[in-house]
Amino acid sequence: MTGNGEKLVNVIQGDYAISDKANEVLTTVLGSCVAVCLSDTKRGIGGMNHFLLPDRGTGGAGSDNVRYGAYAMELLINGMLKQGADRSNLQAKIFGGANMMGNLRDIGGSNAAFARQFLKDEGIPCIAESLGGNQARRIRYWPVTGQARQLLVQGNIEAEARPAPPPRPKPAAQDITLF
């Protein structure tokens with residue numbers, strides 16, 4: 001619980017959550033992964049997923065794993081419909097897809113392209129997005145209202161495993177609120 005009575009629900013890699021509770025806030029931290037936040041604000045239902053890769057590529061065993069975008073999207077949409085959302089009211093906001101390791105394959109770009117194309121193919125409008133770049137993002141999403149807030153995290157989230165460099169003054173974080 002936060003100080004203002006909100007309950008934070010952490011959506012980890014390869015997971016999703018759906019809520020119709022006004023006091024619940026879905027939250028995650030993204031690097032190259034993508035989170036799609038869907039809402040039906042007319043019915044007060046929303047959800048968030050957090051996927052690592054667009055798809056398995058070759059299909060086969062394990063392709064129906066929530067780590068993959070196609071399966072994560074199907075679980076999120078179907079879960080919301082089962083909870084009472086109306087498909088014609090769904091709207092999306094997409095976050096993540098950063099290129100966290102500049103010298104490797106751009107997994108973040110592939111994830112972002114997949115999310116955009118999936119929503120287009122399904123006829124779900126994307127009303128806001130924050131994709132790409134090279135910074136991690138902390139996302140907070142209020143599923144009942146569809147409001148999202150993003151905080152860009154300075155540095156690489158994988159840097160936590162390395163010894164800390166000497167302290168430097170921190171630049172101000174960029175704080176973006178999407179309505």
# chains A, B, ... in the order shown; residues from 1 in each chain; ligands from 1

$ residues_around --residues "Gly96 (chain A)" --least-positions-apart "5" --cutoff "7 Å" --atoms "only C-alpha atoms" --output "list in words"
Leu30, Gly31, Ser32, Cys33, Val34, Ala35, Ser130, Leu131, Gly132 and Arg137 of chain A

$ write_last_selection --atoms "N, CA, C and O atoms" --output "CSV table (one decimal), in the first residue's frame"
chain,number,residue,atom,x,y,z
A,30,LEU,N,10.7,-1.6,-17.1
A,30,LEU,CA,11.0,-2.2,-18.4
A,30,LEU,C,12.4,-1.7,-18.9
A,30,LEU,O,12.7,-0.5,-18.7
A,31,GLY,N,13.0,-2.6,-19.6
A,31,GLY,CA,14.2,-2.2,-20.4
A,31,GLY,C,13.8,-2.4,-21.9
A,31,GLY,O,13.1,-1.7,-22.5
A,32,SER,N,14.3,-3.6,-22.4
A,32,SER,CA,14.0,-3.9,-23.8
A,32,SER,C,12.6,-4.6,-23.9
A,32,SER,O,12.0,-4.7,-24.9
A,33,CYS,N,12.1,-5.0,-22.7
A,33,CYS,CA,10.7,-5.6,-22.7
A,33,CYS,C,9.7,-4.5,-23.0
A,33,CYS,O,10.0,-3.3,-23.0
A,34,VAL,N,8.5,-5.0,-23.3
A,34,VAL,CA,7.4,-4.0,-23.6
A,34,VAL,C,6.2,-4.4,-22.7
A,34,VAL,O,5.9,-5.6,-22.4
A,35,ALA,N,5.5,-3.4,-22.2
A,35,ALA,CA,4.3,-3.5,-21.4
A,35,ALA,C,3.2,-2.8,-22.3
A,35,ALA,O,3.3,-1.7,-22.7
A,130,SER,N,5.3,5.3,-25.4
A,130,SER,CA,6.7,5.7,-25.1
A,130,SER,C,7.6,4.5,-25.3
A,130,SER,O,7.7,3.6,-24.5
A,131,LEU,N,8.2,4.5,-26.5
A,131,LEU,CA,9.0,3.3,-26.9
A,131,LEU,C,10.4,3.7,-27.4
A,131,LEU,O,10.6,4.8,-27.9
A,132,GLY,N,11.3,2.8,-27.3
A,132,GLY,CA,12.7,3.0,-27.8
A,132,GLY,C,13.6,3.7,-26.8
A,132,GLY,O,13.4,3.7,-25.6
A,137,ARG,N,12.4,2.2,-17.9
A,137,ARG,CA,11.3,3.0,-17.5
A,137,ARG,C,10.6,2.3,-16.4
A,137,ARG,O,10.4,1.1,-16.4

$ select_by_dssp --residues "region 7-157 of chain A" --states "helix (DSSP H, G or I)" --output "PDB file with C-alpha atoms, in the first residue's frame"
ATOM      1  CA  GLY A  69       4.143 -11.058 -26.956  1.00  0.00           C
ATOM      2  CA  ALA A  70       1.551 -12.964 -28.986  1.00  0.00           C
ATOM      3  CA  TYR A  71       0.538 -15.151 -26.064  1.00  0.00           C
ATOM      4  CA  ALA A  72       0.787 -12.310 -23.519  1.00  0.00           C
ATOM      5  CA  MET A  73      -1.543 -10.170 -25.650  1.00  0.00           C
ATOM      6  CA  GLU A  74      -4.097 -12.974 -26.046  1.00  0.00           C
ATOM      7  CA  LEU A  75      -4.111 -13.613 -22.277  1.00  0.00           C
ATOM      8  CA  LEU A  76      -4.548  -9.916 -21.506  1.00  0.00           C
ATOM      9  CA  ILE A  77      -7.349  -9.314 -24.013  1.00  0.00           C
ATOM     10  CA  ASN A  78      -9.242 -12.530 -23.206  1.00  0.00           C
ATOM     11  CA  GLY A  79      -8.840 -11.986 -19.460  1.00  0.00           C
ATOM     12  CA  MET A  80     -10.289  -8.495 -19.732  1.00  0.00           C
ATOM     13  CA  LEU A  81     -13.229  -9.724 -21.822  1.00  0.00           C
ATOM     14  CA  LYS A  82     -13.944 -12.468 -19.251  1.00  0.00           C
ATOM     15  CA  ARG A  87     -13.761  -5.210 -26.936  1.00  0.00           C
ATOM     16  CA  SER A  88     -15.061  -2.166 -28.847  1.00  0.00           C
ATOM     17  CA  ASN A  89     -14.068   0.090 -25.907  1.00  0.00           C
ATOM     18  CA  ILE A 107      15.233  -6.791 -29.126  1.00  0.00           C
ATOM     19  CA  GLY A 108      13.475  -3.697 -27.795  1.00  0.00           C
ATOM     20  CA  GLY A 109      12.778  -2.438 -31.321  1.00  0.00           C
ATOM     21  CA  SER A 110      11.388  -5.861 -32.300  1.00  0.00           C
ATOM     22  CA  ASN A 111       9.139  -5.887 -29.221  1.00  0.00           C
ATOM     23  CA  ALA A 112       7.865  -2.364 -29.965  1.00  0.00           C
ATOM     24  CA  ALA A 113       7.166  -3.171 -33.630  1.00  0.00           C
ATOM     25  CA  PHE A 114       5.329  -6.339 -32.611  1.00  0.00           C
ATOM     26  CA  ALA A 115       3.103  -4.498 -30.100  1.00  0.00           C
ATOM     27  CA  ARG A 116       2.162  -1.789 -32.604  1.00  0.00           C
ATOM     28  CA  GLN A 117       1.370  -4.335 -35.339  1.00  0.00           C
ATOM     29  CA  PHE A 118      -0.611  -6.618 -33.025  1.00  0.00           C
ATOM     30  CA  LEU A 119      -2.825  -3.765 -31.866  1.00  0.00           C
ATOM     31  CA  LYS A 120      -3.309  -2.560 -35.451  1.00  0.00           C
ATOM     32  CA  ASP A 121      -4.239  -6.076 -36.612  1.00  0.00           C
ATOM     33  CA  GLU A 122      -6.711  -6.443 -33.728  1.00  0.00           C
ATOM     34  CA  ILE A 157      19.039  -1.514 -15.098  1.00  0.00           C
TER      35      ILE A 157
END

$ closest_residue --among "A:Lys21, A:Arg149, A:Lys7, A:Lys93" --to "Ile45 (chain A)" --atoms "only C-alpha atoms"
A:Lys21

$ residues_around --residues "Arg138 (chain A)" --least-positions-apart "5" --cutoff "9 Å" --atoms "only C-alpha atoms" --output "list in words"
Thr27, Thr28, Val29, Leu30, Arg149, Gln150, Leu151, Leu152 and Val153 of chain A

$ write_last_selection --atoms "N, CA and C atoms" --output "PDB file, in the first residue's frame"
ATOM      1  N   THR A  27       2.173  -1.805 -11.738  1.00  0.00           N
ATOM      2  CA  THR A  27       3.478  -1.197 -11.908  1.00  0.00           C
ATOM      3  C   THR A  27       4.479  -2.223 -12.429  1.00  0.00           C
ATOM      4  N   THR A  28       5.456  -1.740 -13.188  1.00  0.00           N
ATOM      5  CA  THR A  28       6.521  -2.599 -13.697  1.00  0.00           C
ATOM      6  C   THR A  28       7.724  -1.744 -14.044  1.00  0.00           C
ATOM      7  N   VAL A  29       8.859  -2.401 -14.246  1.00  0.00           N
ATOM      8  CA  VAL A  29      10.075  -1.751 -14.726  1.00  0.00           C
ATOM      9  C   VAL A  29      10.461  -2.441 -16.023  1.00  0.00           C
ATOM     10  N   LEU A  30      10.723  -1.639 -17.053  1.00  0.00           N
ATOM     11  CA  LEU A  30      11.000  -2.161 -18.395  1.00  0.00           C
ATOM     12  C   LEU A  30      12.352  -1.695 -18.903  1.00  0.00           C
ATOM     13  N   ARG A 149       1.626   6.644 -15.820  1.00  0.00           N
ATOM     14  CA  ARG A 149       2.719   7.541 -15.474  1.00  0.00           C
ATOM     15  C   ARG A 149       4.027   6.798 -15.691  1.00  0.00           C
ATOM     16  N   GLN A 150       4.975   7.484 -16.289  1.00  0.00           N
ATOM     17  CA  GLN A 150       6.263   6.891 -16.609  1.00  0.00           C
ATOM     18  C   GLN A 150       7.386   7.700 -15.977  1.00  0.00           C
ATOM     19  N   LEU A 151       8.355   7.001 -15.421  1.00  0.00           N
ATOM     20  CA  LEU A 151       9.559   7.635 -14.916  1.00  0.00           C
ATOM     21  C   LEU A 151      10.733   6.994 -15.660  1.00  0.00           C
ATOM     22  N   LEU A 152      11.503   7.813 -16.372  1.00  0.00           N
ATOM     23  CA  LEU A 152      12.696   7.287 -17.042  1.00  0.00           C
ATOM     24  C   LEU A 152      13.781   7.094 -15.999  1.00  0.00           C
ATOM     25  N   VAL A 153      14.358   5.906 -15.986  1.00  0.00           N
ATOM     26  CA  VAL A 153      15.375   5.549 -15.008  1.00  0.00           C
ATOM     27  C   VAL A 153      16.741   5.855 -15.602  1.00  0.00           C
TER      28      VAL A 153
END

$ residues_around --residues "Ile18 (chain A)" --least-positions-apart "2" --cutoff "7 Å" --atoms "only C-alpha atoms" --output "list in words"
Gly46, Gly47, Met48 and Met80 of chain A

$ write_last_selection --atoms "N, CA and C atoms" --output "mmCIF file, in the first residue's frame"
data_model
loop_
_atom_site.group_PDB
_atom_site.id
_atom_site.type_symbol
_atom_site.label_atom_id
_atom_site.label_comp_id
_atom_site.auth_asym_id
_atom_site.auth_seq_id
_atom_site.Cartn_x
_atom_site.Cartn_y
_atom_site.Cartn_z
ATOM 1 N N GLY A 46 -9.084 -2.580 -16.564
ATOM 2 C CA GLY A 46 -7.839 -2.422 -17.305
ATOM 3 C C GLY A 46 -6.849 -3.502 -16.941
ATOM 4 N N GLY A 47 -5.790 -3.580 -17.729
ATOM 5 C CA GLY A 47 -4.768 -4.574 -17.453
ATOM 6 C C GLY A 47 -3.446 -4.206 -18.089
ATOM 7 N N MET A 48 -2.415 -4.906 -17.654
ATOM 8 C CA MET A 48 -1.057 -4.687 -18.151
ATOM 9 C C MET A 48 -0.378 -6.041 -18.319
ATOM 10 N N MET A 80 -9.463 -9.696 -19.917
ATOM 11 C CA MET A 80 -10.289 -8.495 -19.732
ATOM 12 C C MET A 80 -11.719 -8.737 -20.200
#

$ atom_distance --atom1 "CA of Arg105 (chain A)" --atom2 "CA of Ile12 (chain A)"
22.7 Å
